[in-house]
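Chemist: A single structure is presented below for examination.
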Amino acid sequence: MSKNRYPPGWDEKRVKGVISHYESQSEDEAVAEDEAAMGGTVMAVPAELVPEVRDLIAKHKKRA
């Protein structure tokens with residue numbers, strides 16, 4: 001059996017803490033965390049509208 005290997009600065013306690021954090025989050029808390037990290041809103045878009053949404057985002061970024 002192989003020994004667990006962690007990235008520098010990580011150990012089993014830290015990994016378990018991260019797992020515990022994400023397993024205890026509500027769906028709303030998880031979405032809020034994702035949105036904060038991305039700097040925007042997460043939403044489901046029908047696949048056939050994705051090209052149009054991408055175009056709108058590109059136009060918006062050009063104006064900003």
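Identifiers in this document derive from the order of the structure tokens: chains are assigned A, B, ..., residues are numbered from 1 separately in each chain, and ligands are numbered from 1 in order of occurrence.
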Determine, counting only C-alpha atoms, which protein, DNA and RNA residues have an atom within 12 Å of an atom of region 4-21 of chain A; residues of the same chain fewer than 6 positions away are not included. Present the result as a PyMOL selection string.
Modeler: chain A and resi 29-30+33
Chemist: Any chance you can output those residues with N, CA and C atoms as a PDB file, in the first residue's frame?
Modeler:
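Once everything was written out, this is selection_14.pdb:
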```
ATOM      1  N   GLU A  29     -24.864  28.388  -0.337  1.00  0.00           N
ATOM      2  CA  GLU A  29     -23.521  28.809   0.078  1.00  0.00           C
ATOM      3  C   GLU A  29     -22.487  28.449  -0.981  1.00  0.00           C
ATOM      4  N   ALA A  30     -22.628  27.278  -1.590  1.00  0.00           N
ATOM      5  CA  ALA A  30     -21.688  26.853  -2.628  1.00  0.00           C
ATOM      6  C   ALA A  30     -21.785  27.766  -3.850  1.00  0.00           C
ATOM      7  N   GLU A  33     -20.202  31.126  -3.073  1.00  0.00           N
ATOM      8  CA  GLU A  33     -18.735  31.029  -3.085  1.00  0.00           C
ATOM      9  C   GLU A  33     -18.212  30.989  -4.517  1.00  0.00           C
TER      10      GLU A  33
END
```
Chemist: Would you return as number ranges by chain the members of chain A that DSSP assigns to helix (DSSP H, G or I) on this structure's backbone?
Modeler: A: 12-24, 27-38, 47-63
Chemist: Could you please determine the separation between CA of Arg54 (chain A) and CA of Ala37 (chain A) in Å, to one decimal place?
Modeler: 19.7 Å
